[in-house]
file input14.cif (mmCIF, C-alpha atoms)
data_input
loop_
_atom_site.label_atom_id
_atom_site.label_comp_id
_atom_site.auth_asym_id
_atom_site.auth_seq_id
_atom_site.Cartn_x
_atom_site.Cartn_y
_atom_site.Cartn_z
CA MET A 5 55.39 119.67 125.85
CA ILE A 6 55.12 117.01 123.16
CA PHE A 7 58.85 117.44 122.42
CA ILE A 8 59.73 116.68 126.06
CA PHE A 9 57.51 113.59 126.08
CA LEU A 10 58.99 112.23 122.84
CA SER A 11 62.57 112.91 123.91
CA VAL A 12 62.04 111.05 127.19
CA ALA A 13 60.35 108.15 125.38
CA PHE A 14 63.10 107.75 122.78
CA THR A 15 65.86 108.15 125.35
CA GLY A 16 64.45 105.20 127.27
CA ILE A 17 64.29 103.07 124.12
CA ALA A 18 67.78 103.99 122.89
CA GLN A 19 69.64 103.14 126.11
CA ASP A 20 72.41 100.60 125.79
CA SER A 21 71.55 97.38 127.61
CA SER A 22 75.03 95.85 127.33
CA PHE A 23 75.88 97.03 130.85
CA VAL A 24 73.17 94.90 132.44
CA LYS A 25 74.77 92.63 135.02
CA PRO A 26 73.44 89.06 135.09
CA LEU A 27 71.68 88.09 138.30
CA THR A 28 73.64 85.99 140.77
CA LYS A 29 72.51 83.43 143.32
CA ALA A 30 72.47 86.09 146.05
CA ASP A 31 70.33 88.37 143.86
CA TYR A 32 67.77 85.63 143.30
CA LEU A 33 67.70 84.77 147.02
CA GLU A 34 67.21 88.44 147.96
CA LYS A 35 64.45 88.77 145.39
CA SER A 36 62.82 85.61 146.75
CA LYS A 37 62.96 86.94 150.33
CA LYS A 38 61.38 90.26 149.35
CA LEU A 39 58.61 88.53 147.40
CA LYS A 40 57.94 86.19 150.33
CA THR A 41 57.58 89.18 152.67
CA THR A 42 55.29 90.86 150.15
CA SER A 43 53.13 87.76 149.88
CA ILE A 44 52.76 87.49 153.68
CA VAL A 45 51.76 91.17 153.93
CA LEU A 46 49.26 90.82 151.09
CA PHE A 47 47.74 87.69 152.67
CA CYS A 48 47.32 89.40 156.06
CA VAL A 49 45.98 92.69 154.72
CA GLY A 50 43.72 90.89 152.25
CA GLY A 51 42.35 88.65 155.00
CA GLY A 52 41.71 91.65 157.23
CA LEU A 53 39.89 93.47 154.43
CA ILE A 54 37.75 90.41 153.71
CA ILE A 55 36.82 90.05 157.39
CA GLY A 56 36.08 93.78 157.75
CA GLY A 57 34.12 93.93 154.51
CA SER A 58 32.11 90.84 155.41
CA ALA A 59 31.29 92.33 158.84
CA LEU A 60 30.06 95.53 157.21
CA ILE A 61 27.96 93.58 154.71
CA VAL A 62 26.39 91.37 157.40
CA ASN A 63 25.66 94.32 159.73
CA ASN A 64 23.96 96.26 156.95
CA LEU A 65 22.02 93.60 155.08
CA ASP A 66 18.86 95.70 155.27
CA ASP A 67 20.67 98.65 153.58
CA ILE A 68 21.81 96.65 150.54
CA PHE A 69 18.60 97.24 148.61
CA SER A 70 18.21 100.90 149.59
CA SER A 71 19.00 103.66 147.12
CA ASP A 72 22.30 104.76 148.68
CA GLY A 73 23.57 101.30 149.62
CA GLY A 74 24.86 102.46 153.01
CA ASN A 75 27.88 100.76 154.54
CA ALA A 76 27.10 97.55 152.67
CA ALA A 77 28.55 99.09 149.50
CA VAL A 78 31.73 100.00 151.38
CA GLY A 79 31.85 96.46 152.77
CA THR A 80 31.54 95.03 149.27
CA VAL A 81 34.42 97.17 148.04
CA LEU A 82 36.54 96.12 151.03
CA PHE A 83 35.67 92.46 150.44
CA PHE A 84 36.76 92.52 146.80
CA ALA A 85 39.89 94.55 147.62
CA GLY A 86 40.80 91.88 150.18
CA LEU A 87 40.16 89.16 147.62
CA ALA A 88 42.49 90.95 145.18
CA GLY A 89 45.11 91.20 147.95
CA ILE A 90 44.98 87.49 148.61
CA VAL A 91 45.29 86.71 144.88
CA GLY A 92 48.30 89.06 144.74
CA GLY A 93 49.79 87.27 147.75
CA ILE A 94 49.42 83.91 146.01
CA VAL A 95 51.13 85.25 142.87
CA SER A 96 53.98 86.71 144.97
CA ALA A 97 54.44 83.42 146.84
CA VAL A 98 54.66 81.46 143.58
CA LYS A 99 57.21 83.92 142.13
CA SER A 100 59.19 83.77 145.37
CA HIS A 101 59.38 79.99 145.16
CA LYS A 102 60.45 80.10 141.50
CA ASN A 103 63.25 82.57 142.30
CA LYS A 104 64.43 80.37 145.17
CA VAL A 105 64.51 77.30 142.92
CA LYS A 106 66.38 79.28 140.27
CA ALA A 107 68.92 80.46 142.87
CA PHE A 108 69.62 76.95 144.08
CA SER A 109 69.97 75.59 140.56
CA MET A 110 73.04 77.79 140.00
CA THR A 111 76.22 76.80 141.80
CA ALA A 112 79.77 78.02 141.49
CA GLY A 113 82.89 76.53 142.95
CA ILE A 114 86.19 74.83 142.30
CA GLN A 115 85.86 71.34 140.85
CA PRO A 116 88.60 68.84 140.04
CA VAL A 117 89.02 68.18 136.34
CA TYR A 118 90.93 65.16 135.11
CA LEU A 119 93.32 65.93 132.28
CA SER A 120 95.38 63.54 130.21
CA PRO A 121 98.18 65.23 128.27
CA LYS A 122 100.81 62.89 126.81
CA ASN A 123 99.27 59.72 128.27
CA THR A 124 99.55 60.98 131.86
CA VAL A 125 96.39 61.43 133.91
CA TYR A 126 96.45 64.10 136.59
CA SER A 127 93.94 66.22 138.45
CA ARG A 128 93.80 70.00 138.46
CA SER A 129 91.20 72.19 140.17
CA ILE A 130 89.74 74.98 138.09
CA PRO A 131 86.87 77.41 138.76
CA THR A 132 83.60 76.20 137.30
CA LEU A 133 80.04 77.38 136.99
CA SER A 134 77.34 74.79 136.70
CA ILE A 135 73.67 75.32 135.98
CA THR A 136 71.18 72.51 136.33
CA PHE A 137 67.96 72.36 134.36
CA LYS A 138 64.97 70.28 135.35
CA LEU A 139 63.54 68.47 132.39
CA PRO A 140 59.83 67.76 132.29
CA ASN A 141 58.79 64.24 133.20
CA GLN A 142 58.19 62.16 130.14
CA HIS A 143 55.58 59.47 130.41
CA ARG A 144 56.35 56.21 128.67
CA HIS A 145 53.46 54.22 127.38
#
call {"tool": "encode", "arguments": {"input": "input14.cif", "output": "structure tokens"}}
result
Amino acid sequence: MIFIFLSVAFTGIAQDSSFVKPLTKADYLEKSKKLKTTSIVLFCVGGGLIIGGSALIVNNLDDIFSSDGGNAAVGTVLFFAGLAGIVGGIVSAVKSHKNKVKAFSMTAGIQPVYLSPKNTVYSRSIPTLSITFKLPNQHRH
């Protein structure tokens, strides 16, 4: 049993990562769309759990201090699960936005390039890939 575990662990570590394809603009946009959908689902489910948990807590306020806790304990669990869902939705929305910004910062196309061999200037279109980076704002004092 230990042999199987170790062989699986070392096989995962020893895999060649040179075949990893770099992500394209379409990949980042698809990832952004999936994360946006995930964030909306987590917001809705989390909100529903918070509302349901709060209703259970309010309806059973007299059971909170009893020995078994009643439905108020279930309501508390639902409330905190909903809160965790909303936090997860916020994280997914932020990641979705970052992937969308990253996708739109990469552009590919055919751009004219001005060449000057032997004192003659002419234009020739060649395929180019441009990536833009946002630099942090620097405050001047």
call {"tool": "resolve_selection", "arguments": {"input": "input14.cif", "expression": "the PyMOL selection byres ((chain A and resi 33) around 12)", "output": "number ranges by chain"}}
result
A: 27-32, 34-40, 99-110
call {"tool": "residues_around", "arguments": {"input": "input14.cif", "residues": "Thr42 in chain A", "least_positions_apart": "5", "cutoff": "9 Å", "atoms": "all atoms listed in the file", "output": "number ranges by chain"}}
result
A: 37, 47, 93, 96-97
call {"tool": "atom_distance", "arguments": {"input": "input14.cif", "atom1": "CA of Gly92 in chain A", "atom2": "CA of Cys48 in chain A"}}
result
11.4 Å
call {"tool": "resolve_selection", "arguments": {"input": "input14.cif", "expression": "the PyMOL selection byres ((chain A and resi 82) around 9)", "output": "PyMOL selection string"}}
result
chain A and resi 50+53-58+60+77-81+83-87
